[in-house]
Each structure stands twice: as C-alpha cells, then as structure tokens.
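Each remark here refers to the structure printed beneath this line.
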Amino acid sequence: MSSSYVRRTRLVLLSCSLLGACATNVPTGLREEPPGAPSPKVVQAEPERFLDREVRWGGEILDVRNSSTATEVELYGRPLFYDAEPRPDGGDQVRFIARIEGFLDPAEYSPGKRMTVRGRLAEPLTRPVGDYAYRYPVVNVGLYHLWPAYVPGPAPGWWRDPYYDPWWPWGPWGAWPYRHWPYGW
C-alpha cells in the first residue's frame, strides 16, 4: 500500500471518530428505557402499585422548588425521541415531580426548558393546580439531562427548491416582448 493511501485512511478514521465523539452528550444511562417501565398516566392512576419501579420520563419544566436537601422539578410529561429527548408535543397530559438531591438553580432550570430523568418511583404528592387537588407521581432521580427550550423549524410542508429562480433567465422585467409567457401582456 502506498503511504498516501494509509494517510488518507487514517485521516478519514480520525475524522469519523471525532465526529462520533461530538454526536451526543446525553448520559449513557438515559439512552435505554428500563424494561417494563410504566407510563406517567398509568402510575398516576395506581401509584402504590409501582413504588420503587425504575422509570425514564421527560417533559417540559413548569416549576422548580428548592428545599434544604433537594430540588423538586415539576414537569409536564412528554413522549421521548429515540435519544431520550422529550418531544415538543403529545403525551398523556400528566404532570410529575422529579426529586433531585442538592440544589438546582431556577435560573438555569427555567420553565419551558425540557428535561429527561431516570430514577425510582416514590410516594405520590397531592398539590393544588389552581383549585384542583392534583396527584403527582414522584421520581427520585438518579440521572438527568437538561435540554434547551424547543425551537420549531419551518412549517410542515414548506420546501424551497434551491435552484428555483422566478426571474431566470429574463430578470425581473420579463422576456421582451412577452412579459408573461405564453401570454402576450
């Protein structure tokens, strides 16, 4: 083999490994869903049945409450993409509380950002949402990841041909003498 072939091969392999290392920063424990993990809606209906069961849930942050030993993050549950990132919509319309040891700054974990947690289910809490007494499933979190706020892309169905030019080849004045071919006006 020639030395230039070996150098090119090494360069390609190095580039691929560097790109692969930059591909994700999600903790490996969040990538896989625990076997037999129940959904937030099922747990909300029968929380005592699922105590100490491991789950991986995610959603949008609604509120953060700090105490002397832990932080409680109220999340609006959303289904997860394959990489554990919460989807921007959908779900069972269930709120849950992620209890994390230590202090989380509410400025960093602000409403609208998305979070994925993995941990064990604990006793549920009942707190008011408006005038309604709401029963929250509680997750004692062992592993979590904060995602940025969701920014939507272009509207569905929107597509622009990158080679389309409405003025080609005549410019903005039309083709003389017919400005709007095949019509002569």
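Identifiers in the structure tokens: chain A, B, ... in order shown; residue index from 1 per chain; ligand index from 1 in order shown.
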Report as a PyMOL selection string all protein, DNA and RNA residues lying within 7 Å of Gly59 (chain A), evaluated on only C-alpha atoms, omitting residues in the same chain fewer than 5 positions from it. chain A and resi 75-78+86+114-116
Go ahead and write the residues just picked, C-alpha atoms, as a CSV table (one decimal), in the first residue's frame.
```csv
chain,number,residue,atom,x,y,z
A,75,LEU,CA,-42.5,18.6,34.7
A,76,TYR,CA,-45.3,18.3,32.1
A,77,GLY,CA,-44.7,14.8,30.7
A,78,ARG,CA,-44.0,14.3,27.0
A,86,PRO,CA,-38.6,15.0,25.1
A,114,ARG,CA,-37.0,20.3,28.7
A,115,MET,CA,-35.6,17.6,30.9
A,116,THR,CA,-35.2,13.8,30.9
```
Here is a test: counting only C-alpha atoms, which residue of A:Pro40, A:Pro88, A:Gly58, A:Gly112 is nearest to Val141 (chain A)?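 Among A:Pro40, A:Pro88, A:Gly58, A:Gly112, it is A:Gly58 that comes nearest to Val141 (chain A).
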So how far away is CA of Arg95 (chain A) from CA of Pro38 (chain A), in Å? 14.5 Å
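Across A:Glu85, A:Glu60, A:Glu74, A:Glu33, the tightest approach to Val138 (chain A) is made by A:Glu74 when counting only C-alpha atoms.
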Please identify the strand (DSSP E or B) residues within region 16-125 of chain A (assignment by DSSP from backbone atoms) and present them as a ChimeraX atom specification. /A:54-66,70-78,80,86,95-101,114-125
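Counting only C-alpha atoms and comparing A:Val73, A:Val64, A:Ile100, A:Val55, the residue that lies closest to Ser39 (chain A) is A:Val55.
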Counting only C-alpha atoms, the option among A:Val26, A:Ala149, A:Ile97, A:Ala37 closest to Pro111 (chain A):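 Of A:Val26, A:Ala149, A:Ile97, A:Ala37, the one nearest Pro111 (chain A) is A:Ala149, counting only C-alpha atoms.
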One-decimal distance in Å that lies between CA of Lys113 (chain A) and CA of Tyr150 (chain A):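 That distance, rounded to one decimal, is 7.2 Å.
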May I have the residues within 12 Å of Arg65 (chain A) as a PyMOL selection string, using only C-alpha atoms and disregarding those fewer than 3 positions away in the same chain? chain A and resi 61-62+68-75+97-107+109-111
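All residues of protein, DNA or RNA that reach within 12 Å of Arg49 (chain A), judged by only C-alpha atoms and not counting those fewer than 4 positions away in the chain, are Pro38, Val42, Val43, Gln44, Ala45, Arg53, Leu121, Ala122, Glu123, Pro124 and Pro137 of chain A.
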From the list A:His145, A:Arg135, A:Arg127, A:Arg31, which residue is nearest Tyr82 (chain A) when using only C-alpha atoms?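 Nearest candidate to Tyr82 (chain A) out of A:His145, A:Arg135, A:Arg127, A:Arg31: A:Arg31.
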Take CA of Asp83 (chain A) and CA of Asp52 (chain A) and report the distance between them in Å, one decimal.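 Value for the CA of Asp83 (chain A)-CA of Asp52 (chain A) distance: 24.2 Å.
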Contacts of Leu143 (chain A) within 9 Å, only C-alpha atoms, excl. fewer than 6 positions in-chain, as an mmCIF file with C-alpha atoms, in the first residue's frame:
```
data_model
loop_
_atom_site.group_PDB
_atom_site.id
_atom_site.type_symbol
_atom_site.label_atom_id
_atom_site.label_comp_id
_atom_site.auth_asym_id
_atom_site.auth_seq_id
_atom_site.Cartn_x
_atom_site.Cartn_y
_atom_site.Cartn_z
ATOM 1 C CA PRO A 27 -25.588 10.288 29.604
ATOM 2 C CA GLY A 29 -27.942 5.605 31.297
ATOM 3 C CA LEU A 30 -30.660 7.762 29.743
ATOM 4 C CA ILE A 100 -33.137 15.623 42.702
ATOM 5 C CA THR A 116 -35.213 13.830 30.900
ATOM 6 C CA VAL A 117 -34.911 11.942 34.178
ATOM 7 C CA ARG A 118 -34.263 8.362 35.227
ATOM 8 C CA GLY A 119 -34.929 7.126 38.706
#
```
